[in-house]
$ cat my_file30.txt   # compact mmCIF, C-alpha atoms
# COMPACT_ATOMS: atom_id res chain seq x y z
CA MET A 942 107.04 49.82 77.96
CA GLY A 943 105.94 50.54 81.48
CA ASN A 944 105.08 52.97 84.20
CA LYS A 945 105.78 53.22 87.92
CA GLN A 946 103.66 50.09 88.50
CA GLY A 947 106.05 47.98 86.40
CA ILE A 948 106.87 46.84 82.89
CA PHE A 949 104.10 45.35 80.81
CA TYR A 950 105.37 45.15 77.25
CA TYR A 951 108.55 44.92 75.20
CA TRP A 952 109.20 44.28 71.56
CA ASN A 953 112.03 43.97 69.05
CA GLU A 954 111.64 46.13 66.02
CA LYS A 955 114.15 47.64 63.63
CA GLY A 956 111.75 50.39 62.58
CA TYR A 957 109.70 52.84 64.58
CA GLY A 958 106.13 51.89 63.61
CA ILE A 959 105.14 50.23 66.89
CA LEU A 960 106.77 53.00 68.88
CA GLU A 961 104.94 55.75 67.03
CA ASP A 962 101.65 53.84 67.35
CA LEU A 963 102.21 53.72 71.12
CA LEU A 964 103.01 57.44 71.28
CA ILE A 965 99.69 58.11 69.54
CA ARG A 966 97.74 55.62 71.65
CA PHE A 967 99.18 56.91 74.94
CA PRO A 968 99.33 60.71 74.58
CA ASN A 969 101.14 61.25 77.90
CA ALA A 970 103.80 58.60 77.31
CA VAL A 971 107.47 59.50 77.00
CA ALA A 972 110.02 57.58 74.89
CA ILE A 973 113.65 57.36 75.99
CA PHE A 974 116.30 56.57 73.37
CA ASP A 975 119.94 55.58 73.62
CA ALA A 976 121.70 58.83 72.69
CA GLN A 977 124.69 57.03 71.22
CA GLY A 978 122.85 55.26 68.42
CA ASP A 979 121.45 56.47 65.11
CA LEU A 980 119.32 59.44 66.13
CA ARG A 981 117.83 60.56 62.82
CA LYS A 982 114.37 59.05 63.42
CA PRO A 983 114.31 59.78 67.17
CA ARG A 984 115.07 63.45 66.42
CA GLU A 985 112.21 63.49 63.89
CA LEU A 986 109.94 62.04 66.57
CA ALA A 987 111.17 64.69 69.03
CA GLU A 988 110.04 67.39 66.61
CA LYS A 989 106.71 65.67 66.03
CA TYR A 990 106.07 64.95 69.75
CA PRO A 991 107.65 67.88 71.64
CA GLY A 992 108.64 67.15 75.23
CA ARG A 993 107.91 63.44 74.89
CA ILE A 994 111.23 62.20 73.51
CA LYS A 995 114.27 61.99 75.81
CA PHE A 996 117.83 60.85 75.14
CA ALA A 997 119.83 58.75 77.62
CA TRP A 998 123.60 58.91 77.99
CA TYR A 999 125.79 56.80 80.23
CA GLY A 1000 128.07 59.02 82.28
CA GLY A 1001 131.06 57.99 84.32
CA ASP A 1002 130.73 56.44 87.75
CA ARG A 1003 129.92 59.07 90.35
CA LEU A 1004 130.85 58.12 93.88
CA GLY A 1005 127.80 58.68 96.03
CA GLY A 1006 126.29 60.97 93.42
CA GLU A 1007 122.96 60.74 91.71
CA LEU A 1008 122.09 57.61 89.75
CA VAL A 1009 120.23 59.70 87.19
CA ARG A 1010 120.21 63.41 86.39
CA TRP A 1011 119.29 65.84 83.67
CA LYS A 1012 122.28 66.88 81.56
CA GLU A 1013 121.05 70.45 81.82
CA GLU A 1014 117.97 71.71 83.60
CA SER A 1015 115.94 72.43 80.46
CA SER A 1016 117.35 69.58 78.42
CA ASP A 1017 115.83 66.37 77.07
CA ASP A 1018 119.14 64.60 77.79
CA ILE A 1019 119.40 62.22 80.73
CA ILE A 1020 122.73 61.14 82.24
CA ILE A 1021 122.78 57.71 83.89
CA ASP A 1022 125.51 56.24 86.11
CA ARG A 1023 125.67 52.97 84.14
CA ASN A 1024 127.18 50.51 86.62
CA ARG A 1025 125.41 51.79 89.71
CA MET A 1026 122.07 51.90 87.89
CA ILE A 1027 122.41 48.32 86.61
CA GLN A 1028 123.21 47.22 90.18
CA HIS A 1029 120.17 49.16 91.41
CA LEU A 1030 117.97 47.36 88.85
CA ILE A 1031 119.31 43.96 89.90
CA ASP A 1032 118.64 44.85 93.54
CA GLU A 1033 115.10 45.96 92.75
CA PHE A 1034 114.38 42.72 90.90
CA THR A 1035 115.90 40.47 93.56
CA LEU A 1036 115.64 42.20 96.94
CA GLY A 1037 111.99 42.85 97.43
CA ASN A 1038 110.37 42.43 94.04
CA ARG A 1039 110.08 46.19 93.47
CA ILE A 1040 109.92 45.92 89.68
CA HIS A 1041 106.91 44.01 88.42
CA LEU A 1042 106.77 42.32 85.01
CA TYR A 1043 103.23 41.84 83.76
CA GLY A 1044 102.42 38.87 81.55
CA SER A 1045 103.29 35.20 81.46
CA GLU A 1046 106.72 33.70 82.07
CA PRO A 1047 107.17 32.59 78.41
CA GLU A 1048 106.48 36.17 77.25
CA TRP A 1049 109.48 37.34 79.29
CA GLU A 1050 111.95 34.59 78.32
CA GLN A 1051 113.96 36.72 75.87
CA TYR A 1052 114.01 39.58 78.38
CA TRP A 1053 115.41 37.24 81.03
CA GLN A 1054 118.09 35.98 78.60
CA HIS A 1055 119.41 39.53 78.25
CA PHE A 1056 119.78 39.82 82.03
CA LYS A 1057 121.50 36.43 82.14
CA ALA A 1058 124.08 37.80 79.70
CA ILE A 1059 125.48 40.35 82.15
CA TYR A 1060 127.90 39.75 84.99
CA ARG A 1061 129.73 41.88 87.53
CA VAL A 1062 133.50 42.13 88.04
CA VAL A 1063 135.62 44.11 90.46
CA GLU A 1064 138.11 46.49 88.91
CA GLU A 1065 140.84 48.25 90.88
CA ASN A 1066 142.35 51.58 89.90
CA GLU A 1067 146.13 51.07 90.01
CA LYS A 1068 146.81 54.68 91.05
CA THR A 1069 144.16 55.17 93.72
CA LEU A 1070 143.69 51.49 94.65
CA ARG A 1071 139.97 52.21 94.67
CA LYS A 1072 137.85 49.19 93.78
CA ARG A 1073 134.63 49.46 91.83
CA PHE A 1074 132.09 47.10 90.33
CA ILE A 1075 131.75 47.01 86.55
CA TRP A 1076 128.97 45.26 84.67
CA ARG A 1077 130.11 43.38 81.57
CA ARG A 1078 128.27 41.19 79.07
CA ASN A 1079 128.74 37.91 77.28
CA GLY A 1080 125.74 38.15 74.95
CA ASP A 1081 122.88 40.44 74.02
CA ASP A 1082 122.08 42.89 76.80
CA HIS A 1083 119.96 45.47 74.96
CA LEU A 1084 116.91 44.89 77.13
CA VAL A 1085 118.98 45.54 80.27
CA HIS A 1086 119.77 49.00 78.94
CA CYS A 1087 116.16 49.56 77.88
CA THR A 1088 115.18 48.76 81.45
CA ASN A 1089 117.83 51.19 82.70
CA TYR A 1090 116.28 53.92 80.53
CA TRP A 1091 112.78 53.06 81.77
CA ARG A 1092 114.00 53.23 85.39
CA ALA A 1093 115.73 56.56 84.72
CA GLY A 1094 112.44 57.88 83.38
CA ILE A 1095 110.65 56.74 86.53
CA TYR A 1096 113.23 58.56 88.66
CA LEU A 1097 113.07 61.81 86.75
CA LEU A 1098 109.46 61.94 85.52
CA GLY A 1099 107.42 59.06 86.90
CA GLU A 1100 106.73 60.37 90.35
CA SER A 1101 105.19 63.51 88.86
CA GLY A 1102 102.33 61.46 87.45
CA GLN A 1103 103.26 61.85 83.78
CA GLY A 1104 102.29 58.86 81.60
CA GLY A 1105 104.26 55.69 80.97
CA PHE A 1106 107.61 55.16 79.31
CA ILE A 1107 108.28 53.54 75.97
$ encode --input "my_file30.txt" --output "structure tokens"
Amino acid sequence: MGNKQGIFYYWNEKGYGILEDLLIRFPNAVAIFDAQGDLRKPRELAEKYPGRIKFAWYGGDRLGGELVRWKEESSDDIIIDRNRMIQHLIDEFTLGNRIHLYGSEPEWEQYWQHFKAIYRVVEENEKTLRKRFIWRRNGDDHLVHCTNYWRAGIYLLGESGQGGFI
């Protein structure tokens, strides 16, 4: 959970109790869900909290295109360029400390482990000979993708002053 000042909370929960409590506690907050998972409960939440639930999809790599965009102008679906966005996150963490994590180092240990589980490889298209970077994983990387969704929310909604992202 965070806003344009940084990330200040994360949790692991199979259910949706904490999430719904946060939606109630922070009435301007927006939740972004992975659109390729089980969406029964997120769709229920979207009906209960109109305009506050968004769904993130990873689209294909777009050369020089947008990192993040709305699927359609009036949609709650967000399309993210997966590999470029992960690289952008890594750059923001390492090249200027643009993403702030609030709390103590031990509180963020599991989060850090998820980022340690990703690595970048170069893949070449045999037909075009074009090289591109691909991010792969060798362990749990769920929190990397959660961070990608948070960052996408900042891009699309955060600068407008709307509340934080869950």
$ closest_residue --input "my_file30.txt" --among "A:Phe996, A:Trp1076, A:Phe967, A:Tyr1043" --to "Gln946 of chain A" --atoms "all atoms listed in the file"
A:Tyr1043
$ closest_residue --input "my_file30.txt" --among "A:Leu1098, A:Leu1084, A:Leu986, A:Ile1059" --to "Asn1024 of chain A" --atoms "only C-alpha atoms"
A:Ile1059
$ atom_distance --input "my_file30.txt" --atom1 "atom CA of Arg993 of chain A" --atom2 "atom CA of Tyr1096 of chain A"
15.5 Å
$ atom_distance --input "my_file30.txt" --atom1 "atom CA of Leu980 of chain A" --atom2 "atom CA of Asn944 of chain A"
23.9 Å
$ atom_distance --input "my_file30.txt" --atom1 "atom CA of Arg1025 of chain A" --atom2 "atom CA of Ile1075 of chain A"
8.5 Å
$ residues_around --input "my_file30.txt" --residues "Ala987 of chain A" --least-positions-apart "3" --cutoff "12 Å" --atoms "only C-alpha atoms" --output "compact mmCIF listing (two decimals) with C-alpha atoms, in the coordinates of the input"
# COMPACT_ATOMS: atom_id res chain seq x y z
CA GLU A 961 104.94 55.75 67.03
CA LEU A 964 103.01 57.44 71.28
CA VAL A 971 107.47 59.50 77.00
CA ALA A 972 110.02 57.58 74.89
CA ILE A 973 113.65 57.36 75.99
CA PHE A 974 116.30 56.57 73.37
CA LEU A 980 119.32 59.44 66.13
CA ARG A 981 117.83 60.56 62.82
CA LYS A 982 114.37 59.05 63.42
CA PRO A 983 114.31 59.78 67.17
CA ARG A 984 115.07 63.45 66.42
CA TYR A 990 106.07 64.95 69.75
CA PRO A 991 107.65 67.88 71.64
CA GLY A 992 108.64 67.15 75.23
CA ARG A 993 107.91 63.44 74.89
CA ILE A 994 111.23 62.20 73.51
CA LYS A 995 114.27 61.99 75.81
CA PHE A 996 117.83 60.85 75.14
CA ASP A 1017 115.83 66.37 77.07
CA ASP A 1018 119.14 64.60 77.79
$ residues_around --input "my_file30.txt" --residues "Gln1054 of chain A" --least-positions-apart "2" --cutoff "12 Å" --atoms "only C-alpha atoms" --output "PyMOL selection string"
chain A and resi 1047-1052+1056-1059+1078-1085
$ closest_residue --input "my_file30.txt" --among "A:Leu960, A:Ala1093, A:Cys1087, A:Ala970" --to "Met1026 of chain A" --atoms "all atoms listed in the file"
A:Ala1093
$ closest_residue --input "my_file30.txt" --among "A:Lys955, A:Arg1077, A:Lys989, A:Ile1021" --to "Glu1064 of chain A" --atoms "all atoms listed in the file"
A:Arg1077
$ closest_residue --input "my_file30.txt" --among "A:Glu1007, A:Glu988, A:Arg1092, A:Gly1001" --to "Ile1031 of chain A" --atoms "only C-alpha atoms"
A:Arg1092
$ residues_around --input "my_file30.txt" --residues "Tyr999 of chain A" --least-positions-apart "4" --cutoff "12 Å" --atoms "all atoms listed in the file" --output "ChimeraX atom specification"
/A:974-977,1003,1008-1012,1018-1027,1086,1089-1090,1093
$ build_atoms --input "my_file30.txt" --residues "segment 1046-1068 of chain A" --atoms "N, CA and C atoms" --output "tab-separated table (two decimals), keeping the file's coordinate frame"
chain	number	residue	atom	x	y	z
A	1046	GLU	N	105.29	33.99	82.06
A	1046	GLU	CA	106.72	33.70	82.07
A	1046	GLU	C	107.29	33.50	80.66
A	1047	PRO	N	106.62	32.74	79.78
A	1047	PRO	CA	107.17	32.59	78.41
A	1047	PRO	C	107.29	33.91	77.66
A	1048	GLU	N	106.40	34.86	77.93
A	1048	GLU	CA	106.48	36.17	77.25
A	1048	GLU	C	107.75	36.93	77.64
A	1049	TRP	N	108.31	36.61	78.79
A	1049	TRP	CA	109.48	37.34	79.29
A	1049	TRP	C	110.77	36.55	79.15
A	1050	GLU	N	110.75	35.43	78.44
A	1050	GLU	CA	111.95	34.59	78.32
A	1050	GLU	C	113.12	35.34	77.67
A	1051	GLN	N	112.88	36.00	76.54
A	1051	GLN	CA	113.96	36.72	75.87
A	1051	GLN	C	114.51	37.84	76.76
A	1052	TYR	N	113.62	38.52	77.44
A	1052	TYR	CA	114.01	39.58	78.38
A	1052	TYR	C	114.97	39.01	79.43
A	1053	TRP	N	114.59	37.89	80.01
A	1053	TRP	CA	115.41	37.24	81.03
A	1053	TRP	C	116.77	36.85	80.46
A	1054	GLN	N	116.82	36.37	79.21
A	1054	GLN	CA	118.09	35.98	78.60
A	1054	GLN	C	119.06	37.16	78.53
A	1055	HIS	N	118.54	38.35	78.30
A	1055	HIS	CA	119.41	39.53	78.25
A	1055	HIS	C	120.01	39.82	79.63
A	1056	PHE	N	119.24	39.62	80.68
A	1056	PHE	CA	119.78	39.82	82.03
A	1056	PHE	C	120.76	38.71	82.40
A	1057	LYS	N	120.54	37.52	81.88
A	1057	LYS	CA	121.50	36.43	82.14
A	1057	LYS	C	122.84	36.68	81.46
A	1058	ALA	N	122.86	37.55	80.47
A	1058	ALA	CA	124.08	37.80	79.70
A	1058	ALA	C	124.98	38.86	80.34
A	1059	ILE	N	124.61	39.37	81.50
A	1059	ILE	CA	125.48	40.35	82.15
A	1059	ILE	C	126.06	39.74	83.42
A	1060	TYR	N	127.24	40.21	83.78
A	1060	TYR	CA	127.90	39.75	84.99
A	1060	TYR	C	128.75	40.89	85.55
A	1061	ARG	N	129.03	40.80	86.84
A	1061	ARG	CA	129.73	41.88	87.53
A	1061	ARG	C	131.15	41.46	87.88
A	1062	VAL	N	132.10	42.35	87.65
A	1062	VAL	CA	133.50	42.13	88.04
A	1062	VAL	C	133.96	43.30	88.90
A	1063	VAL	N	135.01	43.06	89.66
A	1063	VAL	CA	135.62	44.11	90.46
A	1063	VAL	C	136.86	44.59	89.72
A	1064	GLU	N	136.95	45.90	89.58
A	1064	GLU	CA	138.11	46.49	88.91
A	1064	GLU	C	138.78	47.43	89.91
A	1065	GLU	N	140.12	47.39	89.95
A	1065	GLU	CA	140.84	48.25	90.88
A	1065	GLU	C	141.66	49.27	90.10
A	1066	ASN	N	141.56	50.52	90.50
A	1066	ASN	CA	142.35	51.58	89.90
A	1066	ASN	C	143.77	51.46	90.45
A	1067	GLU	N	144.75	51.29	89.57
A	1067	GLU	CA	146.13	51.07	90.01
A	1067	GLU	C	146.71	52.27	90.75
A	1068	LYS	N	146.28	53.47	90.40
A	1068	LYS	CA	146.81	54.68	91.05
A	1068	LYS	C	146.19	54.93	92.41
